[in-house]
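Asks: Supplied structure: query_7.csv, CSV, C-alpha atoms.
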chain,number,residue,atom,x,y,z
A,5,MET,CA,141.6,72.3,37.3
A,6,ARG,CA,143.8,69.4,38.0
A,7,ARG,CA,146.3,69.4,40.8
A,8,CYS,CA,149.9,69.7,39.7
A,9,VAL,CA,152.5,67.6,41.5
A,10,LEU,CA,156.2,68.6,41.0
A,11,VAL,CA,158.7,65.9,42.0
A,12,ALA,CA,162.3,67.1,42.7
A,13,ASN,CA,165.4,65.0,43.2
A,14,GLY,CA,165.6,65.5,46.9
A,15,ASN,CA,164.7,63.2,49.8
A,16,TRP,CA,163.0,60.0,48.5
A,17,GLN,CA,163.8,57.5,51.2
A,18,ASN,CA,160.2,56.3,51.5
A,19,PRO,CA,158.8,55.6,48.0
A,20,GLU,CA,155.7,53.9,49.4
A,21,TRP,CA,154.8,57.1,51.2
A,22,HIS,CA,155.4,59.2,48.2
A,23,ALA,CA,153.3,56.9,46.0
A,24,LYS,CA,150.3,57.4,48.3
A,25,GLN,CA,150.5,61.2,47.8
A,26,LEU,CA,149.7,60.9,44.1
A,27,ARG,CA,146.3,60.9,42.6
A,28,GLU,CA,145.3,59.3,39.3
A,29,ASN,CA,144.4,62.6,37.6
A,30,ASP,CA,147.4,64.7,38.9
A,31,PHE,CA,149.5,66.5,36.3
A,32,LEU,CA,153.0,65.2,37.1
A,33,VAL,CA,156.1,67.2,36.6
A,34,GLY,CA,159.5,65.4,37.0
A,35,ILE,CA,162.2,68.0,37.9
A,36,ASP,CA,165.3,66.4,36.4
A,37,GLY,CA,166.1,63.4,38.6
A,38,GLY,CA,162.6,63.6,40.1
A,39,ALA,CA,161.4,62.2,36.8
A,40,GLN,CA,163.3,59.0,37.7
A,41,HIS,CA,161.5,58.8,41.0
A,42,LEU,CA,158.2,58.9,39.2
A,43,TYR,CA,159.4,56.3,36.7
A,44,GLN,CA,160.4,54.0,39.6
A,45,LEU,CA,156.8,54.3,41.0
A,46,GLY,CA,155.4,53.3,37.6
A,47,ARG,CA,154.1,56.8,36.9
A,48,LEU,CA,154.9,58.6,33.7
A,49,PRO,CA,155.4,62.4,34.2
A,50,ASP,CA,153.4,64.6,31.9
A,51,LEU,CA,156.4,67.0,31.8
A,52,VAL,CA,160.1,66.6,32.5
A,53,VAL,CA,162.0,69.8,33.2
A,54,GLY,CA,165.7,70.5,33.8
A,55,ASP,CA,169.2,70.1,32.5
A,56,LEU,CA,169.0,66.3,32.9
A,57,ASP,CA,172.3,66.0,34.8
A,58,SER,CA,170.7,63.8,37.4
A,59,LEU,CA,168.4,61.7,35.1
A,60,ASP,CA,169.6,58.4,33.9
A,61,ALA,CA,170.0,58.4,30.1
A,62,GLU,CA,168.2,55.1,29.6
A,63,VAL,CA,165.3,56.3,31.8
A,64,ALA,CA,165.1,59.5,29.8
A,65,ARG,CA,164.9,57.5,26.5
A,66,GLU,CA,162.1,55.4,27.9
A,67,LEU,CA,160.2,58.4,29.1
A,68,LYS,CA,160.5,60.1,25.7
A,69,ALA,CA,159.3,56.8,24.1
A,70,GLY,CA,156.3,56.9,26.5
A,71,GLY,CA,155.2,60.3,25.2
A,72,CYS,CA,156.6,62.5,28.1
A,73,GLN,CA,157.2,66.1,27.1
A,74,PHE,CA,160.7,67.4,27.8
A,75,VAL,CA,161.8,71.0,28.4
A,76,VAL,CA,165.6,70.9,28.6
A,77,TYR,CA,167.8,73.8,29.8
A,78,PRO,CA,171.6,74.1,29.9
A,79,PRO,CA,173.4,73.3,33.2
A,80,GLU,CA,174.7,76.8,33.5
A,81,LYS,CA,171.7,79.0,34.0
A,82,ASP,CA,170.5,81.7,36.4
A,83,LEU,CA,167.5,79.8,37.8
A,84,THR,CA,167.3,76.4,39.4
A,85,ASP,CA,165.4,73.5,37.7
A,86,THR,CA,162.7,73.8,40.4
A,87,GLN,CA,162.3,77.6,39.8
A,88,ILE,CA,162.0,77.0,36.1
A,89,ALA,CA,159.4,74.2,36.6
A,90,LEU,CA,157.3,76.4,38.9
A,91,ASP,CA,157.3,79.2,36.3
A,92,LEU,CA,156.2,76.7,33.6
A,93,VAL,CA,153.2,75.3,35.7
A,94,LYS,CA,152.2,78.9,36.6
A,95,GLN,CA,152.1,79.7,32.8
A,96,ARG,CA,149.9,76.6,32.3
A,97,GLY,CA,147.4,78.0,34.8
A,98,PHE,CA,147.7,75.5,37.7
A,99,ARG,CA,146.6,76.9,41.1
A,100,ASP,CA,147.0,73.9,43.4
A,101,ILE,CA,150.6,72.7,43.7
A,102,LEU,CA,152.2,69.8,45.6
A,103,LEU,CA,156.0,69.7,45.7
A,104,LEU,CA,157.6,66.4,46.6
A,105,GLY,CA,161.3,65.6,47.0
A,106,ALA,CA,162.2,69.3,47.7
A,107,LEU,CA,162.9,68.9,51.4
A,108,GLY,CA,166.0,67.4,53.0
A,109,CYS,CA,168.2,68.7,50.2
A,110,ARG,CA,170.8,71.4,50.1
A,111,ILE,CA,169.9,74.3,52.4
A,112,ASP,CA,170.6,76.9,49.7
A,113,HIS,CA,168.3,75.1,47.3
A,114,LEU,CA,165.6,74.8,50.0
A,115,LEU,CA,165.7,78.5,50.9
A,116,SER,CA,165.8,79.5,47.2
A,117,ASN,CA,162.7,77.4,46.6
A,118,LEU,CA,160.8,78.8,49.5
A,119,PHE,CA,161.4,82.4,48.6
A,120,SER,CA,160.7,81.7,45.0
A,121,LEU,CA,157.2,80.6,46.1
A,122,VAL,CA,156.3,84.0,47.6
A,123,PRO,CA,155.3,85.7,44.3
A,124,LEU,CA,153.4,82.6,43.2
A,125,VAL,CA,151.4,82.7,46.4
A,126,ASN,CA,150.8,86.4,45.9
A,127,ASP,CA,149.3,85.5,42.5
A,128,GLY,CA,146.8,83.1,44.1
A,129,MET,CA,148.5,79.7,44.0
A,130,ARG,CA,148.1,77.2,46.8
A,131,ILE,CA,151.3,75.4,47.5
A,132,LYS,CA,152.2,72.4,49.7
A,133,LEU,CA,155.7,70.9,50.2
A,134,ALA,CA,155.8,67.5,51.9
A,135,ASP,CA,157.9,64.5,52.9
A,136,PRO,CA,157.3,61.7,55.4
A,137,GLU,CA,158.5,63.9,58.3
A,138,GLN,CA,156.8,67.2,57.7
A,139,SER,CA,154.3,69.2,55.6
A,140,LEU,CA,154.7,72.9,54.7
A,141,TRP,CA,151.9,75.1,53.4
A,142,LEU,CA,151.8,78.5,51.7
A,143,PHE,CA,148.2,79.6,50.9
A,144,PRO,CA,147.0,82.9,49.5
A,145,ASN,CA,143.6,83.0,51.1
A,146,ASN,CA,144.9,84.1,54.5
A,147,GLU,CA,143.5,80.9,56.2
A,148,LEU,CA,145.2,77.6,57.0
A,149,LYS,CA,143.4,74.6,58.4
A,150,ILE,CA,145.4,71.8,60.0
A,151,GLU,CA,144.4,68.3,60.8
A,152,GLY,CA,146.5,66.0,63.0
A,153,VAL,CA,146.7,64.5,66.4
A,154,PRO,CA,147.1,66.2,69.8
A,155,GLY,CA,150.7,67.0,70.5
A,156,GLN,CA,151.7,67.4,66.9
A,157,VAL,CA,154.2,70.2,66.4
A,158,VAL,CA,153.1,73.2,64.3
A,159,SER,CA,155.4,76.2,63.5
A,160,LEU,CA,154.5,79.4,61.8
A,161,LEU,CA,157.1,81.4,59.9
A,162,ALA,CA,156.7,84.7,58.1
A,163,LEU,CA,158.2,84.9,54.6
A,164,THR,CA,157.1,88.5,54.4
A,165,PRO,CA,155.8,90.7,57.3
A,166,VAL,CA,152.5,89.0,58.4
A,167,THR,CA,149.9,90.8,60.4
A,168,GLY,CA,146.6,89.9,62.2
A,169,ILE,CA,147.5,86.3,63.0
A,170,THR,CA,144.9,84.5,65.1
A,171,THR,CA,145.0,80.8,65.9
A,172,ASN,CA,142.4,78.4,67.2
A,173,GLY,CA,143.3,74.9,68.4
A,174,LEU,CA,147.0,75.5,69.3
A,175,LYS,CA,148.5,75.2,72.7
A,176,TYR,CA,150.0,78.7,72.6
A,177,PRO,CA,147.4,80.9,71.0
A,178,LEU,CA,148.0,84.0,69.0
A,179,GLN,CA,145.5,86.8,68.8
A,180,ASP,CA,145.9,89.6,66.2
A,181,ALA,CA,149.7,89.0,66.3
A,182,THR,CA,152.4,90.2,64.0
A,183,LEU,CA,155.2,88.0,62.7
A,184,ASP,CA,158.4,89.4,61.1
A,185,PRO,CA,160.8,87.2,59.0
A,186,PHE,CA,163.6,88.3,61.3
A,187,CYS,CA,161.9,87.6,64.6
A,188,PRO,CA,160.5,84.0,64.3
A,189,TYR,CA,158.9,83.4,67.7
A,190,ALA,CA,156.0,81.2,66.6
A,191,ILE,CA,158.0,78.0,66.6
A,192,SER,CA,157.1,74.6,68.2
A,193,ASN,CA,153.5,75.2,68.9
A,194,GLU,CA,151.3,72.1,69.4
A,195,LEU,CA,147.9,70.9,68.4
A,196,ILE,CA,145.6,70.5,71.4
A,197,GLY,CA,143.0,68.5,69.4
A,198,ASN,CA,142.6,67.0,66.0
A,199,LYS,CA,142.1,70.3,64.2
A,200,ALA,CA,143.5,73.9,64.2
A,201,LYS,CA,142.9,77.0,62.2
A,202,VAL,CA,145.3,79.9,61.5
A,203,SER,CA,144.0,83.1,60.0
A,204,TRP,CA,145.9,86.3,59.1
A,205,SER,CA,145.1,89.6,57.4
A,206,LYS,CA,148.2,90.3,55.3
A,207,GLY,CA,151.4,88.7,54.3
A,208,VAL,CA,152.8,85.3,53.2
A,209,LEU,CA,152.8,82.8,56.1
A,210,LEU,CA,154.6,79.5,56.0
A,211,GLY,CA,152.9,76.8,58.1
A,212,VAL,CA,155.0,73.7,59.1
A,213,CYS,CA,153.5,70.6,60.7
A,214,PHE,CA,155.6,67.7,61.7
A,215,SER,CA,154.3,64.2,61.2
A,216,ARG,CA,155.1,62.9,64.7
A,217,PRO,CA,153.9,64.4,67.9
A,218,ASN,CA,156.5,66.3,70.0
A,219,HIS,CA,158.9,66.3,67.1
A,220,ASP,CA,162.0,68.2,68.2
A,221,TYR,CA,165.4,68.1,66.5
A,222,ILE,CA,167.3,69.8,69.4
Reformat the file's structure so that it appears as structure tokens.
Replies:
Amino acid sequence: MRRCVLVANGNWQNPEWHAKQLRENDFLVGIDGGAQHLYQLGRLPDLVVGDLDSLDAEVARELKAGGCQFVVYPPEKDLTDTQIALDLVKQRGFRDILLLGALGCRIDHLLSNLFSLVPLVNDGMRIKLADPEQSLWLFPNNELKIEGVPGQVVSLLALTPVTGITTNGLKYPLQDATLDPFCPYAISNELIGNKAKVSWSKGVLLGVCFSRPNHDYI
């Protein structure tokens, strides 16, 4: 099964970095204005989803002429464009998902997107969100492997109650720990080598790894 890459209309300040994340055989989904990001990289999306309020009309015409499939929704709807796109790729059977352009946007959209991923992970989908500053993982197999450099910051957040958390390769180890969504104490851990492993027995865990060592906003 091909990997599915969904491109939203969020942070896109480093096009070169984003271009390097794409593989030749990826199934590409442009979420509204995210389709324009792909177009500017010289990649035609396989699918364009949204109400098209942030997609240039001329670009939309060229994408249609290039054979891109469009699924258009009205601007006034209950779900966000990203939620609709995620549901469509789930229906198509994709299991490995990379979501670009979904970070650094409105906080309400970001939180909505994250919590929308929980049932997808429970259904067995492997999901990564990334931008040049950070990577976020939600995996269903209760194990997360991280590769980086010593000092790189790793945070663990529970999107549902998570039990049996054990870490290897992090500065502040956890052993059979429990994380609650409303008591996020596993923030700002660090890699002590080039690899780390996080395992847990139950729940949906969000792993966050910052691109630069000792990355701290406050």
Asks: Return the single residue from A:Thr167, A:Asn15, A:Gln73, A:Thr86 that is closest to A:Ile35, with distances computed using all atoms listed in the file.
Replies: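 Closest residue, counting all atoms listed in the file: A:Thr86.
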Asks: Nearest residue to A:Gly155 out of A:Lys132, A:Lys175, A:Arg65, A:Arg7, using only C-alpha atoms?
Replies: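 Nearest to A:Gly155: A:Lys175.
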Asks: Write out as a VMD selection string each polymer residue whose atoms come within 9 Å of A:Ser215, counting all atoms listed in the file; drop sequence neighbours fewer than 3 positions from it.
Replies: chain A and resid 136 to 139 152 156 to 157 219
Asks: Pick out the closest residue to A:Val93 from this set: A:His41, A:Thr170, A:Ala61, A:Val53. Count all atoms listed in the file.
Replies: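 Among the listed residues, A:Val53 lies closest to A:Val93.
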Asks: Just the residues within 8 Å of stretch 104-111 of chain A, please, counting all atoms listed in the file, with nothing from its chain fewer than 2 positions along; format it as number ranges by chain.
Replies: A: 9-16, 22, 38, 102, 113-115, 133-135
Asks: With distances taken over only C-alpha atoms, which residue among A:Val63, A:Ala200, A:Asp36, A:Pro188 lies nearest A:Tyr77?
Replies: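 Comparing A:Val63, A:Ala200, A:Asp36, A:Pro188 against A:Tyr77, the winner is A:Asp36.
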Asks: Would you compute the distance between atom CA of A:Ile169 and atom CA of A:Tyr189? Give it in Å to one decimal.
Replies: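 Calculated distance between atom CA of A:Ile169 and atom CA of A:Tyr189 is 12.7 Å.
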Asks: Contacts of A:Gly211 at 12 Å or less, counting all atoms listed in the file, minus same-chain residues fewer than 6 places along, as a ChimeraX atom specification?
Replies: /A:118,131-134,138-143,146-150,157-163,169,171,190-193,200-204
Asks: Using only C-alpha atoms, can you tell me which of A:Lys206, A:Arg96, A:Lys81, A:Lys199 comes closest to A:Leu51?
Replies: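 Comparing A:Lys206, A:Arg96, A:Lys81, A:Lys199 against A:Leu51, the winner is A:Arg96.
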Asks: Using all atoms listed in the file, determine which residues lie at most 6 Å from A:Leu174, disregarding the query and same-chain residues fewer than 5 positions distant; provide the list as a list in words.
Replies: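 Contacts, with the query itself left out: Glu194, Leu195 and Ile196 of chain A.
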